[in-house]
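What follows is a set of notes on a single structure, which appears directly below.
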Amino acid sequence: MIEQDSEMTVSVVLSAIEALDIVQMQPFDLILCDLNMPGISGLELTKRLIQQDPERKVIIYSGYEIGSHFNLLIESGVSGFISKTVSREQLHNAIRCAMRGDAVIPISLLKQLRRHEVTIGRSEVSVEDVSITEKEQTILHEVSTGISNKELAVMLHVSQRNVEYQLSRIFDKLNVRSRSEAIREAQRLGLIRLEQY
């Protein structure tokens, strides 16, 4: 189905071990990963692939209900989810969306995410609850000076996408949704000093 699009070429492997080997030998723009694989599960494979390269794009492509794995998959950094029952056009569209950096999530899972967000609410976070690394603290300090993601990427010698990934991890840890909220929360927790803000 994928190769019917002339712009796409595909390599197929049947196990997670083969997948981990092949990504070391050649670059891939995107990885479609089944959840139900022999040996290492698709969830574990996804975690390992994204740990190796936080910018890697992985779409879970499964015939199984993935609702029970949803939160773990989101935390692992997947770029989206697509069912094996979709049409060729839907599959191609999902791949193109992920390549543009857009998430592909079925509405049923999106609603689950929304409900989860509502139930979490804005619980008060204490500094003991937050495990901010030294690098993340540096990023928070730089963000508080008003530096852009692009400037931060140059300063840290990483890609802009890597900076966005790190910021989203910081936002998750602080239970915030924006740079300004992150600065306020980091200031409240004493992670950045007032004069830096």
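Residues are named by chain letter and number: chains run A, B, ... in the order of the structure tokens, numbers start at 1 in each chain, and ligands are numbered from 1 in the order shown.
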
message: So that I can see what lies close to Ser15 in chain A, please list as a list in words the residues with an atom at most 8 Å from it, counting only C-alpha atoms and leaving out residues fewer than 6 positions away in the same chain.
response: Met37, Pro38, Gly39 and Ile40 of chain A

message: Need the shell around range 28-32 of chain A: protein/DNA/RNA residues with any atom at most 10 Å away, counting only C-alpha atoms. Skip same-chain ones fewer than 4 positions apart. Format as a PyMOL selection string?
response: chain A and resi 8-12+19+22-24+42+46+49+55-62+78-82+95-96+98-99

Could you dump the residues just selected with N, CA, C and O atoms as a compact mmCIF listing (two decimals), in the first residue's frame?
```
# COMPACT_ATOMS: atom_id res chain seq x y z
N MET A 8 7.53 7.16 -1.85
CA MET A 8 7.85 6.39 -0.64
C MET A 8 8.47 5.05 -0.97
O MET A 8 8.03 4.37 -1.89
N THR A 9 9.50 4.70 -0.22
CA THR A 9 10.09 3.36 -0.32
C THR A 9 10.04 2.74 1.07
O THR A 9 10.06 3.45 2.08
N VAL A 10 10.00 1.42 1.11
CA VAL A 10 9.76 0.71 2.36
C VAL A 10 10.79 -0.39 2.57
O VAL A 10 11.15 -1.09 1.63
N SER A 11 11.25 -0.52 3.80
CA SER A 11 12.03 -1.69 4.23
C SER A 11 11.18 -2.40 5.27
O SER A 11 10.60 -1.74 6.15
N VAL A 12 11.09 -3.72 5.19
CA VAL A 12 10.25 -4.48 6.11
C VAL A 12 11.11 -5.41 6.94
O VAL A 12 11.98 -6.10 6.40
N ALA A 19 14.65 -4.59 13.57
CA ALA A 19 14.38 -3.15 13.43
C ALA A 19 15.50 -2.33 14.07
O ALA A 19 15.98 -1.36 13.49
N ILE A 22 18.56 -2.52 11.74
CA ILE A 22 18.48 -1.82 10.45
C ILE A 22 18.55 -0.30 10.62
O ILE A 22 19.12 0.39 9.78
N VAL A 23 18.00 0.22 11.73
CA VAL A 23 18.05 1.69 11.91
C VAL A 23 19.48 2.16 12.20
O VAL A 23 19.78 3.34 12.03
N GLN A 24 20.34 1.26 12.65
CA GLN A 24 21.75 1.61 12.86
C GLN A 24 22.50 1.70 11.53
O GLN A 24 23.49 2.41 11.41
N GLY A 42 6.16 -4.02 20.64
CA GLY A 42 6.19 -2.77 19.88
C GLY A 42 6.34 -1.56 20.78
O GLY A 42 6.99 -0.58 20.41
N THR A 46 9.44 0.94 20.47
CA THR A 46 9.21 2.37 20.29
C THR A 46 10.05 3.17 21.28
O THR A 46 10.72 4.14 20.92
N LEU A 49 13.73 3.05 20.23
CA LEU A 49 14.00 3.83 19.02
C LEU A 49 14.06 5.32 19.34
O LEU A 49 14.92 6.04 18.84
N GLU A 55 14.39 12.65 17.92
CA GLU A 55 13.74 13.25 16.75
C GLU A 55 13.12 12.20 15.84
O GLU A 55 12.47 12.54 14.86
N ARG A 56 13.32 10.95 16.14
CA ARG A 56 12.81 9.87 15.29
C ARG A 56 11.28 9.89 15.31
O ARG A 56 10.65 10.09 16.34
N LYS A 57 10.70 9.67 14.13
CA LYS A 57 9.24 9.64 14.01
C LYS A 57 8.78 8.18 13.96
O LYS A 57 9.20 7.43 13.09
N VAL A 58 7.92 7.82 14.91
CA VAL A 58 7.39 6.46 14.98
C VAL A 58 5.87 6.55 15.02
O VAL A 58 5.30 7.25 15.86
N ILE A 59 5.21 5.84 14.09
CA ILE A 59 3.76 5.72 14.12
C ILE A 59 3.42 4.29 14.51
O ILE A 59 3.97 3.34 13.96
N ILE A 60 2.53 4.14 15.46
CA ILE A 60 2.04 2.81 15.83
C ILE A 60 0.98 2.42 14.81
O ILE A 60 -0.02 3.11 14.62
N TYR A 61 1.24 1.30 14.15
CA TYR A 61 0.38 0.80 13.06
C TYR A 61 -0.10 -0.57 13.51
O TYR A 61 0.64 -1.55 13.43
N SER A 62 -1.31 -0.63 14.04
CA SER A 62 -1.73 -1.87 14.70
C SER A 62 -3.16 -2.25 14.37
O SER A 62 -4.00 -1.38 14.14
N VAL A 78 5.69 8.75 20.65
CA VAL A 78 5.22 8.39 19.31
C VAL A 78 4.66 9.60 18.57
O VAL A 78 4.21 10.57 19.18
N SER A 79 4.70 9.51 17.24
CA SER A 79 4.19 10.59 16.39
C SER A 79 2.74 10.38 16.00
O SER A 79 2.15 11.24 15.37
N GLY A 80 2.18 9.23 16.33
CA GLY A 80 0.79 9.00 15.99
C GLY A 80 0.42 7.53 16.02
O GLY A 80 1.24 6.66 16.31
N PHE A 81 -0.84 7.29 15.70
CA PHE A 81 -1.42 5.96 15.72
C PHE A 81 -2.26 5.78 14.47
O PHE A 81 -2.97 6.71 14.07
N ILE A 82 -2.20 4.61 13.88
CA ILE A 82 -3.08 4.34 12.74
C ILE A 82 -3.44 2.86 12.72
O ILE A 82 -2.62 2.00 13.02
N ILE A 95 1.15 9.23 7.19
CA ILE A 95 2.61 9.29 7.05
C ILE A 95 3.04 10.73 6.74
O ILE A 95 3.97 11.26 7.35
N ARG A 96 2.34 11.38 5.82
CA ARG A 96 2.68 12.77 5.46
C ARG A 96 2.48 13.71 6.65
O ARG A 96 3.28 14.63 6.86
N ALA A 98 2.72 12.97 9.86
CA ALA A 98 3.82 12.74 10.81
C ALA A 98 5.12 13.36 10.31
O ALA A 98 5.89 13.94 11.08
N MET A 99 5.34 13.30 9.00
CA MET A 99 6.56 13.88 8.43
C MET A 99 6.58 15.41 8.59
O MET A 99 7.63 16.01 8.70
```

statement: Closest of A:Ile105, A:Leu167, A:Leu91, A:Ala16 to Gln137 in chain A, counting only C-alpha atoms, is A:Leu167

field: Within 8 Å of range 177-184 of chain A using only C-alpha atoms, minus same-chain residues under 3 positions, as a PyMOL selection string
entry: chain A and resi 140+143-144+170-172+174+187-188+192+197

message: Taking only C-alpha atoms into account, name the residue in A:Ala103, A:Ile74, A:Ile139, A:Ala186 that is nearest to Val163 in chain A.
response: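 Looking only at the distances to Val163 in chain A, the closest residue turns out to be A:Ile139.
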
DSSP strand (DSSP E) residues within chain A, as a PyMOL selection string: chain A and resi 31-33+58-62+80-83

query: What gap, in Å, lies between CA of Leu189 in chain A and CA of Ser76 in chain A?
result: 26.2 Å
